[in-house]
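Before any comments, here is the structure.
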Amino acid sequence: GQNGVEQAKKAMQRASKNLRQKSAKRANSDQKEAIERLEKAREELEEALRQLREEEQLMLLDAIERRLVRMLEKQTKIYKETISLSLRLSDAAKAKRKPGRADIDKGQQLGDGEAELAAESEKLIEILREEGTTVVIPDVVEDLKADLDGLAARLRRLDAGAYTQEIQRDVITTLRELIQVVQEELDRRQGGGGQQPNQDPMEGGQDDNLLPTSAELKMLKSLQVRVNRRTHEFDRMKIQEEDERERIAGKQAAAARLTRTMADKLNREEE
């Protein structure tokens, strides 16, 4: 837009000169030209900023996808090793033996692995909060981090049983769903959907969000489904852990709060 501003400045200078020479008609023409050139410069600048924002978001989405894929690979490996540890601990219990040093060390190692994933989640939360346009996704990752922190504690105390594995499966499901919504958005922006770069198909207009509202609603629904499943498994397995009961209650409260936040966002967009 720099050239347009320069041309607008020259038109303004001509208008000023014509006014001093008492030629209002020419001054008016120059003023109109200045307005048109400024408007064109504004449009060019907005387009350049839109393209820059699009490029930044593409790079950010790509970085988020790669981080999530690494986390999924690591969590899947920990889950498989947890099953193996659980079988060994079960055999020891049946033989009325205490866990061996190798199994104790393995539980500590797996717990440390879950703690490392929790730290990765914390970094991802910071990235999403700083980006600032997503409503649901940062809280979904917050919920993921809480599960990973809980898993770290469970495995370090050698609780590798069915309920621990259920939580790990929830973590794996969450990571897969997050990867899917990010990949779908990357594909759409890179030409897969044939829409404008920032156009949200659900809203039918331009949207500067990192992820479309439809993706956030999908993750909100998935969060509630996981809370329902966790509640069912907690009851079915007759888990007697008050801390875990409070954790599930907190998940449900977070889902309700997110739903209210999402409703407010949709209302603002409609207005």
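Residues in the structure tokens are numbered from 1 in each chain, the chains being A, B, ... in the order shown, and ligands are numbered from 1 in the order shown.
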
Need to verify the contact set: Glu216 (chain A), 12 Å, only C-alpha atoms, exclusion of same-chain residues closer than 2 positions in sequence. Can you return it as a PyMOL selection string?
chain A and resi 133-140+177-178+180-182+185+200+202+209-214+218-223+258-259+261-263+265-266

Which residues are near region 96-100 of chain A? Cut-off 12 Å, only C-alpha atoms, ignore same chain within fewer than 3 positions. Put them as a list in words.
Leu85, Ser86, Leu87, Arg88, Leu89, Ser90, Asp91, Ala92, Ala93, Asp103, Ile104, Asp105, Lys106, Gly107, Arg157, Leu158 and Asp159 of chain A

Where does DSSP see strand (DSSP E) in region 84-228 of chain A, if you list the residues as JSON, numbers by chain?
{"A": [199, 200, 205, 206]}

Would you export the selected residues with N, CA and C atoms as a PDB file, in the first residue's frame, please?
ATOM      1  N   GLN A 199     -12.051 -19.129   5.759  1.00  0.00           N
ATOM      2  CA  GLN A 199     -13.504 -19.212   5.766  1.00  0.00           C
ATOM      3  C   GLN A 199     -13.955 -20.434   6.542  1.00  0.00           C
ATOM      4  N   ASP A 200     -14.798 -20.198   7.542  1.00  0.00           N
ATOM      5  CA  ASP A 200     -15.338 -21.282   8.354  1.00  0.00           C
ATOM      6  C   ASP A 200     -16.603 -21.789   7.692  1.00  0.00           C
ATOM      7  N   GLY A 205     -18.650 -17.322   6.657  1.00  0.00           N
ATOM      8  CA  GLY A 205     -18.008 -16.038   6.479  1.00  0.00           C
ATOM      9  C   GLY A 205     -16.540 -16.112   6.825  1.00  0.00           C
ATOM     10  N   GLN A 206     -15.850 -14.989   6.774  1.00  0.00           N
ATOM     11  CA  GLN A 206     -14.433 -14.965   7.078  1.00  0.00           C
ATOM     12  C   GLN A 206     -14.222 -15.133   8.576  1.00  0.00           C
TER      13      GLN A 206
END
